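Chemist: Contents of entry.txt (compact mmCIF, C-alpha atoms) are given next:
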```txt
# COMPACT_ATOMS: atom_id res chain seq x y z
CA MET A 1 109.62 105.83 106.09
CA ILE A 2 108.63 106.01 102.45
CA ARG A 3 109.51 108.07 99.42
CA LEU A 4 106.79 109.07 96.98
CA LEU A 5 107.32 110.79 93.65
CA TYR A 6 104.38 112.12 91.67
CA ILE A 7 103.97 114.18 88.55
CA SER A 8 101.00 116.40 87.70
CA ASN A 9 99.80 118.93 85.16
CA ALA A 10 100.21 122.51 86.38
CA SER A 11 97.11 124.61 86.05
CA PRO A 12 97.57 126.88 82.98
CA ALA A 13 96.92 129.86 85.26
CA VAL A 14 99.66 129.01 87.78
CA SER A 15 102.14 131.85 88.26
CA GLU A 16 105.73 131.83 89.50
CA GLU A 17 104.44 133.62 92.59
CA GLN A 18 102.01 130.78 93.29
CA VAL A 19 104.82 128.26 92.98
CA GLN A 20 106.71 130.27 95.60
CA ASP A 21 103.58 130.20 97.77
CA ILE A 22 103.48 126.40 97.51
CA LEU A 23 107.13 126.20 98.60
CA THR A 24 106.65 128.66 101.46
CA SER A 25 103.65 126.76 102.73
CA ALA A 26 105.40 123.38 102.41
CA ARG A 27 108.46 124.68 104.26
CA ARG A 28 106.26 125.99 107.06
CA ASN A 29 104.18 122.80 107.47
CA ASN A 30 106.46 119.89 106.59
CA PRO A 31 108.85 119.94 109.58
CA ALA A 32 105.99 119.12 111.98
CA HIS A 33 105.20 116.04 109.89
CA GLY A 34 108.79 114.95 109.38
CA ILE A 35 108.44 115.43 105.64
CA THR A 36 111.30 116.48 103.37
CA GLY A 37 111.49 116.65 99.59
CA ILE A 38 111.70 118.63 96.43
CA LEU A 39 109.32 120.37 94.02
CA ILE A 40 110.22 120.81 90.36
CA HIS A 41 108.08 123.07 88.22
CA GLY A 42 108.40 123.70 84.49
CA GLY A 43 107.04 122.79 81.08
CA GLY A 44 103.49 122.80 82.41
CA LEU A 45 104.31 120.10 84.93
CA PHE A 46 104.91 119.70 88.63
CA MET A 47 107.03 116.91 90.00
CA GLN A 48 107.36 116.46 93.72
CA VAL A 49 109.15 114.05 96.00
CA LEU A 50 107.84 113.56 99.53
CA GLU A 51 109.88 111.50 101.97
CA GLY A 52 108.94 110.82 105.57
CA PRO A 53 106.78 108.60 107.79
CA GLU A 54 104.44 106.49 105.64
CA GLN A 55 101.14 107.73 107.04
CA LYS A 56 102.27 111.37 107.08
CA VAL A 57 103.39 111.22 103.46
CA LEU A 58 100.17 109.57 102.30
CA ARG A 59 97.98 112.03 104.19
CA GLN A 60 99.97 114.90 102.72
CA TYR A 61 99.69 113.46 99.22
CA VAL A 62 95.90 113.12 99.49
CA LYS A 63 95.73 116.79 100.58
CA ILE A 64 97.89 117.74 97.60
CA LEU A 65 95.43 115.96 95.27
CA ASP A 66 92.83 118.59 96.19
CA ASP A 67 95.07 121.53 95.30
CA ARG A 68 93.58 123.37 92.33
CA ARG A 69 96.94 124.62 91.13
CA HIS A 70 97.41 121.26 89.41
CA ASP A 71 95.48 118.21 88.29
CA ASP A 72 95.89 114.64 87.04
CA ALA A 73 98.49 113.86 89.71
CA ARG A 74 99.82 110.32 89.40
CA ILE A 75 102.47 108.46 91.36
CA LEU A 76 105.59 107.53 89.41
CA HIS A 77 107.43 105.91 92.29
CA ILE A 78 106.62 104.86 95.82
CA SER A 79 108.81 102.69 98.01
CA PRO A 80 110.11 102.21 101.52
CA ALA A 81 113.20 104.28 102.32
CA ASN A 82 115.65 103.83 105.13
CA SER A 83 117.26 107.23 104.82
CA ARG A 84 116.42 110.67 103.48
CA ILE A 85 117.87 112.04 100.27
CA PHE A 86 116.51 115.56 100.93
CA GLU A 87 117.20 115.69 104.63
CA LYS A 88 118.27 119.33 104.46
CA TRP A 89 115.13 120.35 102.59
CA SER A 90 111.69 120.72 104.12
CA MET A 91 110.88 121.38 100.45
CA GLY A 92 113.57 122.23 97.94
CA GLY A 93 112.58 124.00 94.74
CA ILE A 94 114.01 123.61 91.24
CA ALA A 95 112.77 125.37 88.12
CA GLY A 96 112.74 123.19 85.03
CA ASN A 97 110.76 120.60 83.14
CA PRO A 98 110.82 117.38 85.22
CA LEU A 99 110.90 115.28 82.05
CA GLN A 100 114.31 116.71 81.14
CA PHE A 101 115.69 114.34 83.77
CA GLN A 102 116.25 110.96 82.14
CA HIS A 103 115.11 108.79 85.00
CA VAL A 104 111.97 110.83 85.65
CA SER A 105 111.20 110.60 81.96
CA ASP A 106 111.72 106.82 82.06
CA LEU A 107 109.43 106.41 85.04
CA PHE A 108 106.85 108.55 83.28
CA ALA A 109 107.00 106.43 80.12
CA ARG A 110 106.67 103.23 82.14
CA ARG A 111 104.04 104.39 84.59
CA LEU A 112 101.43 101.98 83.30
CA GLU A 113 103.75 99.04 83.54
CA VAL A 114 102.53 96.43 85.93
CA VAL A 115 104.84 95.00 88.53
CA GLN A 116 103.22 91.78 89.63
CA PRO A 117 105.54 89.27 91.27
CA THR A 118 104.03 85.91 90.45
CA THR A 119 103.82 84.70 94.02
CA PHE A 120 101.93 87.81 95.04
CA THR A 121 99.41 87.40 92.25
CA LYS A 122 99.04 83.70 93.08
CA THR A 123 98.26 84.51 96.70
CA MET A 124 95.71 87.11 95.66
CA ARG A 125 94.08 84.60 93.31
CA GLU A 126 93.94 82.09 96.16
CA PHE A 127 92.01 84.67 98.17
CA ALA A 128 89.63 85.19 95.26
CA GLN A 129 89.09 81.43 95.05
CA MET A 130 88.35 81.28 98.77
CA LEU A 131 85.78 84.02 98.35
CA ASN A 132 84.18 82.22 95.44
CA ALA A 133 84.17 78.93 97.36
CA GLY A 134 82.46 80.62 100.30
CA LYS A 135 79.58 81.78 98.15
CA MET B 1 94.50 101.48 88.55
CA ILE B 2 96.51 100.36 91.55
CA ARG B 3 96.42 97.57 94.09
CA LEU B 4 97.27 98.32 97.71
CA LEU B 5 97.66 95.75 100.46
CA TYR B 6 98.02 96.82 104.08
CA ILE B 7 98.11 95.07 107.40
CA SER B 8 97.11 96.54 110.76
CA ASN B 9 96.59 95.59 114.39
CA ALA B 10 92.94 95.03 115.22
CA SER B 11 91.74 96.92 118.28
CA PRO B 12 91.54 94.40 121.18
CA ALA B 13 87.91 95.41 121.60
CA VAL B 14 86.88 94.65 118.03
CA SER B 15 83.98 92.19 117.79
CA GLU B 16 82.90 89.90 114.96
CA GLU B 17 79.84 92.11 114.62
CA GLN B 18 82.06 95.15 114.07
CA VAL B 19 83.99 93.31 111.37
CA GLN B 20 80.66 92.62 109.66
CA ASP B 21 79.85 96.34 109.97
CA ILE B 22 83.12 97.19 108.21
CA LEU B 23 82.26 94.80 105.37
CA THR B 24 78.71 96.09 105.06
CA SER B 25 79.88 99.68 104.95
CA ALA B 26 82.63 98.89 102.41
CA ARG B 27 80.18 97.02 100.17
CA ARG B 28 77.80 99.97 100.27
CA ASN B 29 80.42 102.64 99.51
CA ASN B 30 83.03 101.02 97.29
CA PRO B 31 81.06 100.58 94.06
CA ALA B 32 80.71 104.37 93.67
CA HIS B 33 84.51 104.67 93.85
CA GLY B 34 85.26 101.70 91.61
CA ILE B 35 87.01 99.94 94.48
CA THR B 36 87.09 96.17 94.90
CA GLY B 37 89.05 94.03 97.34
CA ILE B 38 89.16 91.74 100.29
CA LEU B 39 89.35 92.03 104.08
CA ILE B 40 90.93 89.28 106.17
CA HIS B 41 90.54 89.38 109.94
CA GLY B 42 92.05 87.07 112.50
CA GLY B 43 94.87 86.63 115.00
CA GLY B 44 94.52 90.23 116.12
CA LEU B 45 95.25 91.50 112.63
CA PHE B 46 93.44 93.01 109.70
CA MET B 47 94.71 92.64 106.17
CA GLN B 48 92.97 94.41 103.37
CA VAL B 49 93.46 94.70 99.62
CA LEU B 50 92.04 97.72 97.81
CA GLU B 51 92.13 97.79 94.03
CA GLY B 52 90.77 100.59 91.86
CA PRO B 53 91.60 104.04 90.47
CA GLU B 54 94.81 105.36 92.06
CA GLN B 55 93.40 108.50 93.67
CA LYS B 56 90.25 106.74 94.89
CA VAL B 57 92.26 103.97 96.53
CA LEU B 58 94.66 106.41 98.22
CA ARG B 59 91.82 108.60 99.51
CA GLN B 60 90.06 105.52 100.84
CA TYR B 61 93.23 104.30 102.51
CA VAL B 62 93.79 107.61 104.27
CA LYS B 63 90.20 107.44 105.57
CA ILE B 64 90.84 103.90 106.78
CA LEU B 65 93.88 105.13 108.73
CA ASP B 66 91.52 107.11 110.96
CA ASP B 67 89.34 104.11 111.81
CA ARG B 68 89.65 103.37 115.52
CA ARG B 69 88.92 99.68 115.09
CA HIS B 70 92.58 99.21 114.19
CA ASP B 71 95.94 100.93 114.39
CA ASP B 72 99.51 100.80 113.11
CA ALA B 73 98.37 100.24 109.52
CA ARG B 74 101.29 99.82 107.14
CA ILE B 75 101.41 99.11 103.44
CA LEU B 76 102.90 95.74 102.48
CA HIS B 77 102.41 96.10 98.74
CA ILE B 78 101.40 98.85 96.37
CA SER B 79 101.70 98.71 92.60
CA PRO B 80 99.97 99.58 89.36
CA ALA B 81 97.47 96.96 88.20
CA ASN B 82 95.97 96.52 84.76
CA SER B 83 93.19 94.23 85.85
CA ARG B 84 91.21 93.40 88.97
CA ILE B 85 91.70 90.21 90.93
CA PHE B 86 88.61 90.85 93.11
CA GLU B 87 86.35 92.16 90.38
CA LYS B 88 83.33 90.31 91.79
CA TRP B 89 83.90 91.70 95.29
CA SER B 90 83.15 95.24 96.42
CA MET B 91 84.75 93.83 99.58
CA GLY B 92 85.13 90.13 100.14
CA GLY B 93 85.60 88.86 103.69
CA ILE B 94 87.71 85.97 104.94
CA ALA B 95 88.16 84.94 108.58
CA GLY B 96 91.70 83.88 109.45
CA ASN B 97 95.10 85.15 110.44
CA PRO B 98 96.55 86.94 107.39
CA LEU B 99 100.05 85.73 108.32
CA GLN B 100 98.99 82.11 107.74
CA PHE B 101 99.32 82.89 104.03
CA GLN B 102 102.91 82.38 103.01
CA HIS B 103 103.23 85.33 100.67
CA VAL B 104 101.58 87.76 103.06
CA SER B 105 103.90 86.54 105.76
CA ASP B 106 106.89 87.05 103.43
CA LEU B 107 105.83 90.59 102.59
CA PHE B 108 105.36 91.28 106.27
CA ALA B 109 108.85 90.02 107.13
CA ARG B 110 110.37 92.08 104.34
CA ARG B 111 108.36 95.23 104.83
CA LEU B 112 111.35 97.30 105.86
CA GLU B 113 113.35 96.20 102.87
CA VAL B 114 114.29 99.08 100.67
CA VAL B 115 113.75 98.87 96.95
CA GLN B 116 115.98 101.54 95.51
CA PRO B 117 116.84 101.10 91.85
CA THR B 118 120.24 102.70 91.48
CA THR B 119 119.27 105.02 88.65
CA PHE B 120 116.38 106.36 90.66
CA THR B 121 118.55 107.08 93.66
CA LYS B 122 121.17 108.68 91.43
CA THR B 123 118.58 111.00 89.94
CA MET B 124 117.33 111.95 93.38
CA ARG B 125 120.89 112.67 94.51
CA GLU B 126 121.36 114.85 91.44
CA PHE B 127 118.36 116.86 92.56
CA ALA B 128 119.81 117.18 96.05
CA GLN B 129 123.08 118.41 94.53
CA MET B 130 121.22 120.98 92.45
CA LEU B 131 119.51 122.22 95.60
CA ASN B 132 122.79 122.46 97.45
CA ALA B 133 124.42 124.24 94.51
CA GLY B 134 121.60 126.77 94.45
CA LYS B 135 122.20 127.73 98.06
```
Would you put the structure from the file into structure tokens?
Modeler:
Amino acid sequence: MIRLLYISNASPAVSEEQVQDILTSARRNNPAHGITGILIHGGGLFMQVLEGPEQKVLRQYVKILDDRRHDDARILHISPANSRIFEKWSMGGIAGNPLQFQHVSDLFARRLEVVQPTTFTKTMREFAQMLNAGK
Amino acid sequence: MIRLLYISNASPAVSEEQVQDILTSARRNNPAHGITGILIHGGGLFMQVLEGPEQKVLRQYVKILDDRRHDDARILHISPANSRIFEKWSMGGIAGNPLQFQHVSDLFARRLEVVQPTTFTKTMREFAQMLNAGK
């Protein structure tokens, strides 16, 4: 199971009714995929958490990328999870600017930060050397 | 830009020729998406690294999930990246069991480990409380 949090820019034309449509649709479809989570909308932004089986969550996220009610979606957090935080919510809804929440704001500010454990990078560079050697 | 590393079980029927087909196809298609990386095949496993623009990499990964030449794909590493390690390779190929590489093997052993920074979890629980309070 994984948990994915993304933030995106709401389309300027998006109405409160459309946000309700998104929630209704998510609540109808998510149980079959074992997905739970939350959608926050406000301040011209969407923030959504999807938690569930890894492949289901990723497939759902890629579908969400094509939704015209937002754009510039980018992941702020993705990690394995061994339990659900939103287990009661096929998709909870909160009105408000996601960046008003300190930790969301922190993740947003640091989203370009690179986490590169040295051993991982070393291994990847070894692979690159092997490729070059095989030329 | 992100870097994603997954491992999967090769279909028992997969031939060396099919692995070459995968590489040929990746090398033809990846440049248009700005994707570079490496594919390692051996010991009944595939391991692949995809690096490139976040949405392109995720879309490509979801397509890869549907490929019948493997199954049970799971992500071992995903993180932002500010530079490419495989910049010269639209898709490099190495023959060998991915688990022979110490760091890959470590990631594999730890893949169920949960990385949950406390502040992140706290924020998520706050959201869950807000949802419950709104009931």
Chemist: When you count all atoms listed in the file, which of these residues is closest to Val104 in chain A: B:Ser11, B:Ser25, B:Thr123, B:Ser90?
Modeler: B:Thr123
Chemist: Output the coordinates of chain A after least-squares fitting to chain B on all in-order C-alpha pairs, as a compact mmCIF listing (two decimals) with C-alpha atoms, in the coordinates of the input.
Modeler:
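File out15.txt, as written:
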```
# COMPACT_ATOMS: atom_id res chain seq x y z
CA MET A 1 94.51 101.49 88.56
CA ILE A 2 96.51 100.37 91.56
CA ARG A 3 96.41 97.59 94.10
CA LEU A 4 97.27 98.32 97.72
CA LEU A 5 97.66 95.75 100.47
CA TYR A 6 98.01 96.82 104.08
CA ILE A 7 98.11 95.05 107.40
CA SER A 8 97.11 96.52 110.76
CA ASN A 9 96.59 95.58 114.39
CA ALA A 10 92.92 95.03 115.23
CA SER A 11 91.74 96.90 118.26
CA PRO A 12 91.54 94.39 121.17
CA ALA A 13 87.89 95.40 121.60
CA VAL A 14 86.86 94.66 118.00
CA SER A 15 83.98 92.20 117.78
CA GLU A 16 82.88 89.90 114.96
CA GLU A 17 79.84 92.14 114.61
CA GLN A 18 82.06 95.17 114.04
CA VAL A 19 83.98 93.30 111.37
CA GLN A 20 80.64 92.63 109.66
CA ASP A 21 79.85 96.35 109.97
CA ILE A 22 83.13 97.20 108.22
CA LEU A 23 82.26 94.81 105.37
CA THR A 24 78.70 96.11 105.07
CA SER A 25 79.89 99.68 104.93
CA ALA A 26 82.65 98.88 102.41
CA ARG A 27 80.19 97.02 100.18
CA ARG A 28 77.80 99.97 100.28
CA ASN A 29 80.44 102.64 99.52
CA ASN A 30 83.05 101.01 97.30
CA PRO A 31 81.06 100.58 94.06
CA ALA A 32 80.73 104.37 93.68
CA HIS A 33 84.52 104.67 93.87
CA GLY A 34 85.28 101.72 91.63
CA ILE A 35 87.02 99.95 94.50
CA THR A 36 87.09 96.17 94.91
CA GLY A 37 89.04 94.01 97.34
CA ILE A 38 89.16 91.73 100.29
CA LEU A 39 89.35 92.02 104.08
CA ILE A 40 90.93 89.28 106.18
CA HIS A 41 90.52 89.39 109.93
CA GLY A 42 92.05 87.04 112.49
CA GLY A 43 94.86 86.60 114.98
CA GLY A 44 94.52 90.21 116.11
CA LEU A 45 95.23 91.48 112.62
CA PHE A 46 93.43 93.00 109.69
CA MET A 47 94.71 92.64 106.17
CA GLN A 48 92.96 94.40 103.34
CA VAL A 49 93.46 94.69 99.62
CA LEU A 50 92.04 97.71 97.81
CA GLU A 51 92.13 97.79 94.03
CA GLY A 52 90.78 100.60 91.87
CA PRO A 53 91.62 104.05 90.49
CA GLU A 54 94.82 105.36 92.09
CA GLN A 55 93.40 108.50 93.67
CA LYS A 56 90.26 106.73 94.91
CA VAL A 57 92.28 103.96 96.54
CA LEU A 58 94.65 106.40 98.24
CA ARG A 59 91.83 108.59 99.52
CA GLN A 60 90.06 105.51 100.84
CA TYR A 61 93.23 104.27 102.52
CA VAL A 62 93.80 107.60 104.28
CA LYS A 63 90.20 107.44 105.58
CA ILE A 64 90.83 103.89 106.79
CA LEU A 65 93.88 105.12 108.75
CA ASP A 66 91.51 107.11 110.97
CA ASP A 67 89.33 104.11 111.82
CA ARG A 68 89.65 103.36 115.53
CA ARG A 69 88.91 99.68 115.08
CA HIS A 70 92.58 99.20 114.18
CA ASP A 71 95.93 100.93 114.40
CA ASP A 72 99.51 100.79 113.13
CA ALA A 73 98.36 100.22 109.55
CA ARG A 74 101.29 99.81 107.17
CA ILE A 75 101.41 99.09 103.45
CA LEU A 76 102.90 95.74 102.49
CA HIS A 77 102.41 96.11 98.75
CA ILE A 78 101.40 98.86 96.38
CA SER A 79 101.70 98.71 92.61
CA PRO A 80 99.98 99.58 89.37
CA ALA A 81 97.48 96.97 88.20
CA ASN A 82 95.99 96.52 84.78
CA SER A 83 93.19 94.23 85.84
CA ARG A 84 91.21 93.40 88.96
CA ILE A 85 91.71 90.22 90.94
CA PHE A 86 88.61 90.85 93.10
CA GLU A 87 86.35 92.17 90.39
CA LYS A 88 83.34 90.34 91.79
CA TRP A 89 83.91 91.70 95.28
CA SER A 90 83.15 95.23 96.41
CA MET A 91 84.75 93.84 99.58
CA GLY A 92 85.14 90.12 100.14
CA GLY A 93 85.59 88.86 103.68
CA ILE A 94 87.70 85.96 104.94
CA ALA A 95 88.15 84.94 108.57
CA GLY A 96 91.67 83.88 109.45
CA ASN A 97 95.08 85.14 110.43
CA PRO A 98 96.55 86.93 107.38
CA LEU A 99 100.04 85.72 108.30
CA GLN A 100 98.98 82.11 107.73
CA PHE A 101 99.30 82.90 104.02
CA GLN A 102 102.92 82.40 103.01
CA HIS A 103 103.23 85.34 100.67
CA VAL A 104 101.56 87.77 103.06
CA SER A 105 103.90 86.54 105.76
CA ASP A 106 106.89 87.06 103.45
CA LEU A 107 105.82 90.59 102.59
CA PHE A 108 105.35 91.28 106.28
CA ALA A 109 108.84 90.02 107.14
CA ARG A 110 110.37 92.10 104.35
CA ARG A 111 108.36 95.26 104.84
CA LEU A 112 111.36 97.31 105.88
CA GLU A 113 113.37 96.22 102.91
CA VAL A 114 114.32 99.09 100.69
CA VAL A 115 113.77 98.88 96.97
CA GLN A 116 115.99 101.54 95.50
CA PRO A 117 116.86 101.09 91.84
CA THR A 118 120.26 102.70 91.47
CA THR A 119 119.28 105.01 88.65
CA PHE A 120 116.37 106.35 90.66
CA THR A 121 118.56 107.07 93.66
CA LYS A 122 121.18 108.69 91.41
CA THR A 123 118.58 111.01 89.92
CA MET A 124 117.32 111.95 93.37
CA ARG A 125 120.88 112.66 94.50
CA GLU A 126 121.37 114.85 91.43
CA PHE A 127 118.35 116.87 92.55
CA ALA A 128 119.82 117.19 96.03
CA GLN A 129 123.09 118.42 94.52
CA MET A 130 121.22 120.99 92.45
CA LEU A 131 119.50 122.23 95.58
CA ASN A 132 122.79 122.46 97.42
CA ALA A 133 124.42 124.25 94.47
CA GLY A 134 121.59 126.78 94.41
CA LYS A 135 122.17 127.75 98.01
```
Chemist: Which residue, A:Phe108, A:Ile22, A:Ile2, A:Arg27, has the smallest gap to chain B when you use all atoms listed in the file?
Modeler: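 The answer is A:Ile2, which sits nearest to chain B.
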Chemist: If you count all atoms listed in the file, which residues fall within 12 Å of Ala73 in chain A, apart from same-chain ones fewer than 6 positions away, as a PyMOL selection string?
Modeler: (chain A and resi 5-11+45-48+61-67+108) or (chain B and resi 54-55+58)
Chemist: Taking only C-alpha atoms into account, what are the residues of chain B at most 8 Å from chain A, put as a CSV table (one decimal) with C-alpha atoms, in the coordinates of the input?
Modeler:
```csv
chain,number,residue,atom,x,y,z
B,38,ILE,CA,89.2,91.7,100.3
B,54,GLU,CA,94.8,105.4,92.1
B,55,GLN,CA,93.4,108.5,93.7
B,58,LEU,CA,94.7,106.4,98.2
B,59,ARG,CA,91.8,108.6,99.5
B,62,VAL,CA,93.8,107.6,104.3
B,65,LEU,CA,93.9,105.1,108.7
B,74,ARG,CA,101.3,99.8,107.1
B,78,ILE,CA,101.4,98.8,96.4
B,79,SER,CA,101.7,98.7,92.6
B,80,PRO,CA,100.0,99.6,89.4
B,81,ALA,CA,97.5,97.0,88.2
B,82,ASN,CA,96.0,96.5,84.8
B,85,ILE,CA,91.7,90.2,90.9
B,86,PHE,CA,88.6,90.8,93.1
B,92,GLY,CA,85.1,90.1,100.1
B,93,GLY,CA,85.6,88.9,103.7
B,94,ILE,CA,87.7,86.0,104.9
B,101,PHE,CA,99.3,82.9,104.0
B,103,HIS,CA,103.2,85.3,100.7
B,104,VAL,CA,101.6,87.8,103.1
B,111,ARG,CA,108.4,95.2,104.8
B,112,LEU,CA,111.4,97.3,105.9
B,113,GLU,CA,113.4,96.2,102.9
B,114,VAL,CA,114.3,99.1,100.7
B,115,VAL,CA,113.8,98.9,97.0
B,116,GLN,CA,116.0,101.5,95.5
B,119,THR,CA,119.3,105.0,88.6
B,120,PHE,CA,116.4,106.4,90.7
B,123,THR,CA,118.6,111.0,89.9
B,124,MET,CA,117.3,112.0,93.4
B,125,ARG,CA,120.9,112.7,94.5
B,127,PHE,CA,118.4,116.9,92.6
B,128,ALA,CA,119.8,117.2,96.0
B,130,MET,CA,121.2,121.0,92.4
B,131,LEU,CA,119.5,122.2,95.6
```
Chemist: Restricting the calculation to all atoms listed in the file, which member of B:Gly44, B:Leu23, B:Asn30, B:Gln18 is positioned closest to Pro98 in chain B?
Modeler: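 Closest to Pro98 in chain B of all the choices is B:Gly44.
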Chemist: Record the distance separating CA of Asp21 in chain B and CA of Ala95 in chain B, expressed in Å with one decimal.
Modeler: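 Straight-line distance from CA of Asp21 in chain B to CA of Ala95 in chain B works out to 14.2 Å.
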Chemist: What is the CA of Gly42 in chain A to CA of Arg68 in chain A distance in Å?
Modeler: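 Computing it gives 16.8 Å between the two atoms.
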Chemist: Would you work out the distance separating CA of Val14 in chain A from CA of Ala26 in chain A, expressed in Å to one decimal?
Modeler: 16.7 Å
Chemist: Residues near Arg84 in chain A, anyone? I mean within 8 Å using all atoms listed in the file, not counting same-chain ones fewer than 6 positions away, as a list of chain:residue names.
Modeler: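 So, after excluding close chain neighbours, the residues are A:Thr36, A:Glu51, A:Gly52.
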Chemist: Restricting the output to C-alpha atoms, write the selected residues as a PDB file, in the coordinates of the input.
Modeler:
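Heads up, here's the output in selection-v2.pdb:
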```
ATOM      1  CA  THR A  36     111.300 116.480 103.370  1.00  0.00           C
ATOM      2  CA  GLU A  51     109.880 111.500 101.970  1.00  0.00           C
ATOM      3  CA  GLY A  52     108.940 110.820 105.570  1.00  0.00           C
TER       4      GLY A  52
END
```
Chemist: Find the smallest box with edges along x, y and z containing every listed atom of range 27-40 of chain A, then add 5 Å on each side and report centre and edge lengths in Å to one decimal, as JSON.
Modeler:
```
{"center_x": 107.9, "center_y": 120.5, "center_z": 101.2, "size_x": 17.5, "size_y": 21.0, "size_z": 31.6}
```
Chemist: Because some atoms of range 16-29 of chain A are absent here, can you restore N, CA and C atoms and send them as a PDB file, in the frame of the given file?
Modeler:
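New file part-v3.pdb:
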```pdb
ATOM      1  N   GLU A  16     104.495 132.091  88.759  1.00  0.00           N
ATOM      2  CA  GLU A  16     105.730 131.830  89.500  1.00  0.00           C
ATOM      3  C   GLU A  16     105.530 132.183  90.985  1.00  0.00           C
ATOM      4  N   GLU A  17     104.727 133.209  91.211  1.00  0.00           N
ATOM      5  CA  GLU A  17     104.440 133.620  92.590  1.00  0.00           C
ATOM      6  C   GLU A  17     103.693 132.512  93.339  1.00  0.00           C
ATOM      7  N   GLN A  18     102.772 131.866  92.649  1.00  0.00           N
ATOM      8  CA  GLN A  18     102.010 130.780  93.290  1.00  0.00           C
ATOM      9  C   GLN A  18     102.912 129.589  93.603  1.00  0.00           C
ATOM     10  N   VAL A  19     103.875 129.350  92.715  1.00  0.00           N
ATOM     11  CA  VAL A  19     104.820 128.260  92.980  1.00  0.00           C
ATOM     12  C   VAL A  19     105.627 128.587  94.241  1.00  0.00           C
ATOM     13  N   GLN A  20     106.008 129.849  94.386  1.00  0.00           N
ATOM     14  CA  GLN A  20     106.710 130.270  95.600  1.00  0.00           C
ATOM     15  C   GLN A  20     105.817 130.111  96.831  1.00  0.00           C
ATOM     16  N   ASP A  21     104.518 130.385  96.665  1.00  0.00           N
ATOM     17  CA  ASP A  21     103.580 130.200  97.770  1.00  0.00           C
ATOM     18  C   ASP A  21     103.525 128.735  98.210  1.00  0.00           C
ATOM     19  N   ILE A  22     103.522 127.839  97.213  1.00  0.00           N
ATOM     20  CA  ILE A  22     103.480 126.400  97.510  1.00  0.00           C
ATOM     21  C   ILE A  22     104.721 126.021  98.327  1.00  0.00           C
ATOM     22  N   LEU A  23     105.875 126.524  97.895  1.00  0.00           N
ATOM     23  CA  LEU A  23     107.130 126.200  98.600  1.00  0.00           C
ATOM     24  C   LEU A  23     107.127 126.766 100.014  1.00  0.00           C
ATOM     25  N   THR A  24     106.687 128.006 100.142  1.00  0.00           N
ATOM     26  CA  THR A  24     106.650 128.660 101.460  1.00  0.00           C
ATOM     27  C   THR A  24     105.758 127.877 102.415  1.00  0.00           C
ATOM     28  N   SER A  25     104.600 127.490 101.913  1.00  0.00           N
ATOM     29  CA  SER A  25     103.650 126.760 102.730  1.00  0.00           C
ATOM     30  C   SER A  25     104.197 125.379 103.106  1.00  0.00           C
ATOM     31  N   ALA A  26     104.823 124.706 102.139  1.00  0.00           N
ATOM     32  CA  ALA A  26     105.400 123.380 102.410  1.00  0.00           C
ATOM     33  C   ALA A  26     106.505 123.489 103.457  1.00  0.00           C
ATOM     34  N   ARG A  27     107.331 124.527 103.327  1.00  0.00           N
ATOM     35  CA  ARG A  27     108.460 124.680 104.260  1.00  0.00           C
ATOM     36  C   ARG A  27     107.985 125.019 105.671  1.00  0.00           C
ATOM     37  N   ARG A  28     106.823 125.653 105.755  1.00  0.00           N
ATOM     38  CA  ARG A  28     106.260 125.990 107.060  1.00  0.00           C
ATOM     39  C   ARG A  28     105.649 124.739 107.713  1.00  0.00           C
ATOM     40  N   ASN A  29     104.964 123.915 106.902  1.00  0.00           N
ATOM     41  CA  ASN A  29     104.180 122.800 107.470  1.00  0.00           C
ATOM     42  C   ASN A  29     104.914 121.463 107.550  1.00  0.00           C
TER      43      ASN A  29
END
```
